[in-house]
file final-v5.tsv (TSV, C-alpha atoms and all ligand atoms)
chain	number	residue	atom	x	y	z
A	214	MET	CA	72.37	-91.89	-72.69
A	215	LEU	CA	71.94	-88.76	-70.56
A	216	GLU	CA	75.22	-87.45	-71.88
A	217	LYS	CA	74.13	-87.98	-75.49
A	218	ILE	CA	70.78	-86.26	-74.92
A	219	ASN	CA	72.45	-83.26	-73.31
A	220	GLN	CA	75.14	-83.07	-75.97
A	221	THR	CA	72.53	-83.00	-78.75
A	222	ALA	CA	70.36	-80.47	-76.91
A	223	GLU	CA	73.37	-78.22	-76.31
A	224	TYR	CA	74.33	-78.41	-80.00
A	225	LEU	CA	70.82	-77.35	-81.03
A	226	ARG	CA	70.67	-74.55	-78.47
A	227	GLN	CA	73.93	-73.12	-79.76
A	228	ARG	CA	73.08	-73.59	-83.41
A	229	VAL	CA	69.61	-72.07	-83.22
A	230	GLY	CA	70.05	-69.51	-80.44
A	231	GLY	CA	67.24	-67.52	-78.85
A	232	GLU	CA	64.22	-68.80	-77.02
A	233	MET	CA	63.78	-72.58	-77.19
A	234	PRO	CA	60.34	-73.87	-78.23
A	235	ARG	CA	57.96	-75.41	-75.72
A	236	ILE	CA	56.06	-77.17	-78.50
A	237	ALA	CA	57.38	-79.97	-80.73
A	238	ILE	CA	55.58	-81.47	-83.72
A	239	ILE	CA	56.35	-84.78	-85.38
A	240	LEU	CA	55.29	-84.32	-88.98
A	241	GLY	CA	54.09	-87.74	-89.98
A	242	THR	CA	51.86	-88.46	-92.92
A	243	GLY	CA	49.25	-85.72	-93.23
A	244	LEU	CA	51.30	-82.93	-91.75
A	245	GLY	CA	54.22	-82.67	-94.20
A	246	PRO	CA	53.04	-79.35	-95.69
A	247	LEU	CA	52.80	-77.79	-92.22
A	248	VAL	CA	56.41	-76.83	-92.88
A	249	ASP	CA	55.20	-74.16	-95.32
A	250	SER	CA	53.25	-72.45	-92.53
A	251	ILE	CA	56.27	-72.19	-90.23
A	252	GLU	CA	57.90	-68.77	-90.33
A	253	ASN	CA	61.53	-67.81	-89.78
A	254	LYS	CA	62.59	-71.38	-90.43
A	255	VAL	CA	65.95	-72.81	-89.53
A	256	PHE	CA	66.45	-76.22	-91.20
A	257	ILE	CA	68.90	-78.60	-89.59
A	258	PRO	CA	69.44	-81.87	-91.47
A	259	TYR	CA	69.52	-84.89	-89.18
A	260	SER	CA	72.88	-85.78	-90.67
A	261	GLU	CA	74.37	-82.65	-89.06
A	262	ILE	CA	72.95	-83.27	-85.58
A	263	PRO	CA	75.23	-85.18	-83.22
A	264	ASN	CA	73.79	-88.55	-82.09
A	265	PHE	CA	70.79	-88.26	-84.45
A	266	PRO	CA	69.96	-91.20	-86.70
A	267	VAL	CA	69.18	-90.61	-90.39
A	268	SER	CA	65.75	-91.38	-91.82
A	269	THR	CA	65.52	-93.95	-94.65
A	270	VAL	CA	61.92	-94.01	-95.90
A	271	GLU	CA	60.70	-92.66	-99.23
A	272	GLY	CA	58.49	-89.62	-98.69
A	273	HIS	CA	60.11	-88.76	-95.36
A	274	SER	CA	62.95	-86.23	-95.49
A	275	GLY	CA	65.08	-85.75	-92.44
A	276	ASN	CA	65.28	-82.28	-90.93
A	277	LEU	CA	64.65	-80.60	-87.65
A	278	ILE	CA	62.95	-77.29	-88.29
A	279	PHE	CA	62.95	-74.47	-85.75
A	280	GLY	CA	60.58	-71.57	-86.41
A	281	ILE	CA	57.37	-69.79	-85.51
A	282	LEU	CA	53.90	-71.28	-85.97
A	283	GLY	CA	50.70	-69.59	-84.83
A	284	GLY	CA	52.86	-66.97	-83.12
A	285	LYS	CA	54.73	-69.55	-81.02
A	286	PRO	CA	58.22	-71.01	-81.34
A	287	VAL	CA	58.07	-74.66	-82.43
A	288	ILE	CA	60.42	-77.49	-83.35
A	289	ALA	CA	59.17	-79.73	-86.13
A	290	MET	CA	60.56	-83.12	-87.05
A	291	GLN	CA	60.37	-83.57	-90.79
A	292	GLY	CA	60.74	-87.33	-90.99
A	293	ARG	CA	60.57	-89.70	-88.05
A	294	PHE	CA	62.37	-92.92	-87.20
A	295	HIS	CA	60.31	-96.07	-87.53
A	296	TYR	CA	60.99	-99.30	-85.71
A	297	TYR	CA	60.54	-101.22	-89.00
A	298	GLU	CA	63.55	-99.40	-90.43
A	299	GLY	CA	65.67	-101.38	-88.00
A	300	TYR	CA	66.29	-98.79	-85.29
A	301	ASP	CA	65.92	-99.90	-81.71
A	302	MET	CA	63.38	-98.14	-79.51
A	303	LYS	CA	65.96	-95.94	-77.78
A	304	THR	CA	66.88	-94.55	-81.20
A	305	VAL	CA	63.27	-94.18	-82.37
A	306	THR	CA	62.47	-92.07	-79.30
A	307	PHE	CA	65.78	-90.21	-78.95
A	308	PRO	CA	64.48	-86.98	-80.53
A	309	VAL	CA	61.63	-86.80	-77.98
A	310	ARG	CA	64.18	-86.97	-75.18
A	311	VAL	CA	66.15	-84.18	-76.79
A	312	PHE	CA	62.97	-82.09	-77.06
A	313	LYS	CA	62.42	-82.56	-73.35
A	314	ALA	CA	65.98	-81.48	-72.61
A	315	LEU	CA	65.31	-78.33	-74.65
A	316	GLY	CA	62.26	-77.53	-72.53
A	317	VAL	CA	59.43	-78.86	-74.70
A	318	GLU	CA	56.15	-79.34	-72.79
A	319	ILE	CA	53.71	-80.32	-75.53
A	320	LEU	CA	54.15	-82.89	-78.30
A	321	PHE	CA	51.97	-82.99	-81.40
A	322	VAL	CA	52.13	-86.10	-83.56
A	323	SER	CA	50.51	-87.27	-86.77
A	324	ASN	CA	50.51	-90.52	-88.66
A	325	ALA	CA	48.81	-92.63	-91.31
A	326	SER	CA	46.82	-95.67	-90.35
A	327	GLY	CA	44.53	-98.36	-91.65
A	328	GLY	CA	40.96	-98.12	-90.36
A	329	MET	CA	39.10	-101.06	-88.84
A	330	ASN	CA	36.18	-99.02	-87.53
A	331	LYS	CA	33.41	-99.52	-90.10
A	332	GLU	CA	32.32	-95.89	-89.74
A	333	PHE	CA	35.63	-94.63	-91.08
A	334	ALA	CA	36.28	-93.67	-94.70
A	335	VAL	CA	39.60	-93.23	-96.48
A	336	GLY	CA	40.93	-89.69	-96.11
A	337	GLU	CA	39.26	-89.11	-92.77
A	338	VAL	CA	41.07	-87.79	-89.72
A	339	MET	CA	40.91	-89.19	-86.19
A	340	THR	CA	41.99	-87.80	-82.85
A	341	ILE	CA	43.96	-90.53	-81.11
A	342	THR	CA	42.21	-90.87	-77.76
A	343	ASP	CA	44.26	-93.86	-76.61
A	344	HIS	CA	46.60	-96.52	-77.95
A	345	ILE	CA	47.37	-100.21	-77.69
A	346	ASN	CA	51.10	-100.91	-77.72
A	347	LEU	CA	51.87	-104.09	-79.67
A	348	PHE	CA	55.51	-103.32	-80.40
A	349	PRO	CA	57.75	-106.17	-79.25
A	350	GLU	CA	60.28	-103.83	-77.62
A	351	HIS	CA	59.39	-101.20	-75.01
A	352	PRO	CA	61.18	-97.84	-75.22
A	353	LEU	CA	61.47	-97.64	-71.42
A	354	ARG	CA	62.83	-101.15	-70.92
A	355	GLY	CA	66.15	-101.19	-69.12
A	356	ARG	CA	67.67	-98.80	-66.64
A	357	ASN	CA	65.37	-95.95	-65.65
A	358	TYR	CA	66.94	-92.52	-65.44
A	359	ASN	CA	65.03	-90.69	-62.74
A	360	GLU	CA	66.18	-87.43	-64.31
A	361	LEU	CA	64.04	-88.34	-67.33
A	362	GLY	CA	60.97	-89.69	-65.57
A	363	THR	CA	59.58	-92.23	-63.16
A	364	ARG	CA	60.11	-96.01	-63.38
A	365	PHE	CA	56.43	-96.88	-63.75
A	366	PRO	CA	54.71	-94.04	-65.59
A	367	ALA	CA	50.93	-94.00	-65.80
A	368	MET	CA	49.43	-94.05	-69.29
A	369	THR	CA	45.87	-93.22	-68.20
A	370	TYR	CA	46.01	-89.82	-69.91
A	371	ALA	CA	48.65	-90.58	-72.51
A	372	TYR	CA	46.69	-88.25	-74.80
A	373	ASP	CA	45.77	-84.96	-73.15
A	374	ARG	CA	42.02	-84.45	-72.60
A	375	GLU	CA	42.15	-80.69	-72.85
A	376	LEU	CA	44.00	-80.73	-76.17
A	377	MET	CA	41.49	-83.30	-77.48
A	378	ALA	CA	38.59	-81.02	-76.51
A	379	MET	CA	40.30	-78.07	-78.18
A	380	ALA	CA	40.73	-80.11	-81.37
A	381	ASP	CA	37.02	-81.00	-81.29
A	382	ALA	CA	36.09	-77.35	-80.92
A	383	ILE	CA	38.36	-76.37	-83.82
A	384	ALA	CA	36.97	-79.17	-86.02
A	385	GLU	CA	33.42	-78.10	-85.29
A	386	GLU	CA	34.15	-74.45	-86.06
A	387	LYS	CA	35.87	-75.30	-89.32
A	388	GLY	CA	33.35	-77.92	-90.44
A	389	ILE	CA	35.82	-80.81	-90.26
A	390	ARG	CA	34.55	-84.30	-89.43
A	391	LEU	CA	37.01	-85.38	-86.75
A	392	MET	CA	36.65	-88.94	-85.47
A	393	HIS	CA	37.86	-90.28	-82.12
A	394	GLY	CA	39.52	-93.63	-81.71
A	395	VAL	CA	42.14	-96.01	-80.42
A	396	TYR	CA	45.37	-96.42	-82.40
A	397	VAL	CA	46.99	-99.85	-82.39
A	398	GLY	CA	50.78	-99.60	-82.80
A	399	VAL	CA	52.50	-102.48	-84.60
A	400	THR	CA	55.93	-102.97	-86.15
A	401	GLY	CA	55.02	-103.42	-89.83
A	402	PRO	CA	56.39	-103.15	-92.45
A	403	THR	CA	53.72	-105.48	-93.80
A	404	PHE	CA	50.19	-104.19	-93.88
A	405	GLU	CA	47.85	-106.50	-91.99
A	406	THR	CA	46.13	-109.66	-93.15
A	407	PRO	CA	42.33	-109.42	-93.12
A	408	ALA	CA	42.28	-111.58	-89.99
A	409	GLU	CA	44.77	-109.29	-88.28
A	410	TYR	CA	42.70	-106.16	-88.99
A	411	GLU	CA	39.72	-108.07	-87.58
A	412	TYR	CA	41.73	-109.06	-84.51
A	413	TYR	CA	42.90	-105.49	-83.84
A	414	ARG	CA	39.26	-104.39	-84.05
A	415	ILE	CA	38.18	-107.05	-81.57
A	416	ILE	CA	40.80	-106.01	-79.02
A	417	GLY	CA	39.52	-102.42	-79.10
A	418	GLY	CA	41.35	-100.67	-81.93
A	419	ASP	CA	39.83	-98.27	-84.44
A	420	CYS	CA	42.92	-98.02	-86.62
A	421	VAL	CA	46.38	-99.56	-86.90
A	422	GLY	CA	49.72	-98.05	-87.81
A	423	MET	CA	53.48	-98.45	-87.56
A	424	SER	CA	54.61	-95.45	-85.53
A	425	THR	CA	53.71	-92.93	-82.81
A	426	VAL	CA	53.25	-95.24	-79.80
A	427	PRO	CA	56.96	-95.26	-78.85
A	428	GLU	CA	57.27	-91.47	-79.07
A	429	VAL	CA	54.07	-90.96	-77.08
A	430	ILE	CA	55.25	-93.33	-74.34
A	431	VAL	CA	58.54	-91.48	-73.97
A	432	ALA	CA	56.80	-88.09	-74.07
A	433	ASN	CA	54.53	-89.22	-71.23
A	434	HIS	CA	57.49	-90.57	-69.28
A	435	ALA	CA	58.97	-87.08	-69.65
A	436	GLY	CA	55.77	-85.43	-68.40
A	437	MET	CA	54.78	-83.86	-71.73
A	438	ARG	CA	51.21	-83.31	-72.86
A	439	VAL	CA	50.41	-85.07	-76.14
A	440	TYR	CA	47.92	-84.59	-78.94
A	441	GLY	CA	47.90	-87.11	-81.80
A	442	ILE	CA	45.99	-87.18	-85.06
A	443	SER	CA	45.76	-90.08	-87.49
A	444	VAL	CA	44.87	-90.02	-91.18
A	445	ILE	CA	42.87	-93.06	-92.25
A	446	THR	CA	44.58	-94.00	-95.51
A	447	ASP	CA	43.07	-97.43	-96.14
A	448	LEU	CA	40.54	-99.76	-94.62
A	449	GLY	CA	41.04	-103.31	-93.41
A	450	GLY	CA	38.91	-106.25	-92.35
A	451	LYS	CA	37.59	-109.56	-93.57
A	452	ASP	CA	35.15	-107.93	-96.00
A	453	VAL	CA	37.70	-105.51	-97.49
A	454	THR	CA	39.10	-106.57	-100.85
A	455	GLN	CA	41.10	-103.43	-101.69
A	456	VAL	CA	44.86	-104.06	-101.31
A	457	PRO	CA	46.70	-101.24	-99.47
A	458	THR	CA	49.85	-99.84	-101.07
A	459	HIS	CA	52.34	-97.16	-100.03
A	460	GLU	CA	51.12	-95.02	-102.98
A	461	GLU	CA	47.49	-95.30	-101.89
A	462	VAL	CA	48.51	-94.30	-98.38
A	463	GLN	CA	50.31	-91.22	-99.73
A	464	GLN	CA	47.31	-90.25	-101.93
A	465	ALA	CA	44.81	-90.56	-99.10
A	466	ALA	CA	47.13	-88.49	-96.94
A	467	VAL	CA	47.02	-85.68	-99.49
A	468	ILE	CA	43.21	-85.60	-99.24
A	469	ALA	CA	43.41	-85.35	-95.47
A	470	GLN	CA	46.26	-82.85	-95.28
A	471	PRO	CA	44.23	-79.62	-95.24
A	472	LYS	CA	42.14	-80.97	-92.34
A	473	CYS	CA	45.21	-82.01	-90.34
A	474	LEU	CA	46.90	-78.70	-91.03
A	475	THR	CA	43.94	-76.63	-89.90
A	476	ILE	CA	43.57	-78.57	-86.67
A	477	MET	CA	47.28	-78.50	-85.81
A	478	GLU	CA	47.86	-74.85	-86.70
A	479	GLU	CA	44.87	-73.76	-84.66
A	480	LEU	CA	45.86	-75.97	-81.73
A	481	VAL	CA	49.33	-74.47	-81.65
A	482	ALA	CA	47.92	-70.94	-81.90
A	483	ARG	CA	45.32	-71.49	-79.14
A	484	VAL	CA	47.13	-73.68	-76.63
A	485	LYS	CA	48.18	-72.03	-73.40
A	486	LEU	CA	51.68	-72.81	-72.19
B	501	LIG	N1	48.34	-100.80	-91.45
B	501	LIG	C1	49.43	-100.40	-90.79
B	501	LIG	N2	50.01	-99.24	-90.99
B	501	LIG	C2	49.43	-98.40	-91.86
B	501	LIG	C3	48.27	-98.76	-92.56
B	501	LIG	C4	47.71	-100.04	-92.34
B	501	LIG	O1	46.69	-100.43	-92.94
B	501	LIG	N3	47.96	-97.72	-93.35
B	501	LIG	C5	48.88	-96.75	-93.14
B	501	LIG	N4	49.77	-97.16	-92.23

call {"tool": "encode", "arguments": {"input": "final-v5.tsv", "output": "structure tokens", "more": "lines below"}}
Ligand code: HPA
result
Amino acid sequence: MLEKINQTAEYLRQRVGGEMPRIAIILGTGLGPLVDSIENKVFIPYSEIPNFPVSTVEGHSGNLIFGILGGKPVIAMQGRFHYYEGYDMKTVTFPVRVFKALGVEILFVSNASGGMNKEFAVGEVMTITDHINLFPEHPLRGRNYNELGTRFPAMTYAYDRELMAMADAIAEEKGIRLMHGVYVGVTGPTFETPAEYEYYRIIGGDCVGMSTVPEVIVANHAGMRVYGISVITDLGGKDVTQVPTHEEVQQAAVIAQPKCLTIMEELVARVKL
């Protein structure tokens, strides 16, 4: 695995040249259009990157984008790898390991989720303050490579407090209602039954989604600081009769996009490396 990571990192270093970014962004739902704000873009299709898997989901194109955002070099992942697509966890999290090998110190992630917190509305955005990992496979299971991180990493501050506070300050300045909450990570690809939404609420979740947790675990293992934002695209619970669809999720994401973009762009511009 180490050899693969280094091979991919070396390929990217040679292909892109220049200073390697210390910030990586996974453009999930809500952040797609962030690409337009990146300057001096170099697009590298996943299909051209050695050892990279290829993304399969509608609405997620597969490119690594190197460029400048908020005056800083960044790498953006346009399209992520979901566990429900059939990839194992080592594959889902491979890009994060490559980012680390390139020198990335901060990971920004976004996603879509279904809200269980009754105070949430569709189209709202939430800082992920913590997560509950309900994926059946752990990305760090198996041999630990000490070069990559410690055997038993703490997850106490899986989401960086300082970045969270910065996001709050930005939201306040810009008049964005930014919620806080716990993201429950599940495999999907089914949306939840009403009883399941209820159950995820009872165990401490505010929203539930099918991504992010594996990447955040591996980023923490690698010693990166993480900020995550979730777009509430539908609501779930025993009293909710609306049926969630992929289209509805995409539409709600469009409503939330400007808010996500503002927060992420400003975070990148303001963060000290
Ligand atoms: N459940 C799980 N994943 C999701 C949801 C949901 O309701 N909405 C968007 N992604």

call {"tool": "residues_around", "arguments": {"input": "final-v5.tsv", "residues": "range 279-292 of chain A", "least_positions_apart": "6", "cutoff": "7 Å", "atoms": "all atoms listed in the file", "output": "list in words"}}
result
Pro234, Arg235, Ile236, Ala237, Ile238, Ile239, Leu240, Gly241, Ser250, Ile251, Glu252, Asn253, Lys254, Val255, Phe256, Ser268, His273, Glu478, Val481 and Ala482 of chain A

call {"tool": "residues_near_ligand", "arguments": {"input": "final-v5.tsv", "ligand": "ligand LIG 501 (chain B)", "cutoff": "9 Å", "atoms": "only C-alpha atoms and all ligand atoms", "output": "PyMOL selection string"}}
result
chain A and resi 242+324-329+397-405+410+420-424+444-449+457-459+461-463

call {"tool": "write_last_selection", "arguments": {"input": "final-v5.tsv", "atoms": "C-alpha atoms", "output": "short mmCIF file (atom, residue, chain, number, x, y, z; two decimals), in the frame of the given file"}}
result
data_model
loop_
_atom_site.label_atom_id
_atom_site.label_comp_id
_atom_site.auth_asym_id
_atom_site.auth_seq_id
_atom_site.Cartn_x
_atom_site.Cartn_y
_atom_site.Cartn_z
CA THR A 242 51.86 -88.46 -92.92
CA ASN A 324 50.51 -90.52 -88.66
CA ALA A 325 48.81 -92.63 -91.31
CA SER A 326 46.82 -95.67 -90.35
CA GLY A 327 44.53 -98.36 -91.65
CA GLY A 328 40.96 -98.12 -90.36
CA MET A 329 39.10 -101.06 -88.84
CA VAL A 397 46.99 -99.85 -82.39
CA GLY A 398 50.78 -99.60 -82.80
CA VAL A 399 52.50 -102.48 -84.60
CA THR A 400 55.93 -102.97 -86.15
CA GLY A 401 55.02 -103.42 -89.83
CA PRO A 402 56.39 -103.15 -92.45
CA THR A 403 53.72 -105.48 -93.80
CA PHE A 404 50.19 -104.19 -93.88
CA GLU A 405 47.85 -106.50 -91.99
CA TYR A 410 42.70 -106.16 -88.99
CA CYS A 420 42.92 -98.02 -86.62
CA VAL A 421 46.38 -99.56 -86.90
CA GLY A 422 49.72 -98.05 -87.81
CA MET A 423 53.48 -98.45 -87.56
CA SER A 424 54.61 -95.45 -85.53
CA VAL A 444 44.87 -90.02 -91.18
CA ILE A 445 42.87 -93.06 -92.25
CA THR A 446 44.58 -94.00 -95.51
CA ASP A 447 43.07 -97.43 -96.14
CA LEU A 448 40.54 -99.76 -94.62
CA GLY A 449 41.04 -103.31 -93.41
CA PRO A 457 46.70 -101.24 -99.47
CA THR A 458 49.85 -99.84 -101.07
CA HIS A 459 52.34 -97.16 -100.03
CA GLU A 461 47.49 -95.30 -101.89
CA VAL A 462 48.51 -94.30 -98.38
CA GLN A 463 50.31 -91.22 -99.73
#

call {"tool": "residues_near_point", "arguments": {"input": "final-v5.tsv", "point": "(37.0, -80.8, -89.2)", "cutoff": "12 Å", "atoms": "all atoms listed in the file", "output": "PyMOL selection string"}}
result
chain A and resi 336-340+379-393+442+469-477+479

call {"tool": "closest_residue", "arguments": {"input": "final-v5.tsv", "among": "A:Glu318, A:Asn330, A:Ala432, A:Ile468", "to": "Tyr413 in chain A", "atoms": "all atoms listed in the file"}}
result
A:Asn330

call {"tool": "residues_around", "arguments": {"input": "final-v5.tsv", "residues": "Arg228 in chain A", "least_positions_apart": "5", "cutoff": "10 Å", "atoms": "all atoms listed in the file", "output": "VMD selection string"}}
result
chain A and resid 222 to 223 255 257 262

call {"tool": "closest_residue", "arguments": {"input": "final-v5.tsv", "among": "A:Pro427, A:Gly316, A:Gly394, A:Pro366", "to": "Phe333 in chain A", "atoms": "all atoms listed in the file"}}
result
A:Gly394

call {"tool": "residues_around", "arguments": {"input": "final-v5.tsv", "residues": "Leu376 in chain A", "least_positions_apart": "3", "cutoff": "8 Å", "atoms": "all atoms listed in the file", "output": "count of residues only"}}
result
7

call {"tool": "closest_residue", "arguments": {"input": "final-v5.tsv", "among": "A:Val322, A:Val456, A:Val395, A:Val429", "to": "Pro407 in chain A", "atoms": "all atoms listed in the file"}}
result
A:Val456

call {"tool": "closest_residue", "arguments": {"input": "final-v5.tsv", "among": "A:Val311, A:Asp249, A:Arg354, A:Tyr297", "to": "Tyr224 in chain A", "atoms": "all atoms listed in the file"}}
result
A:Val311
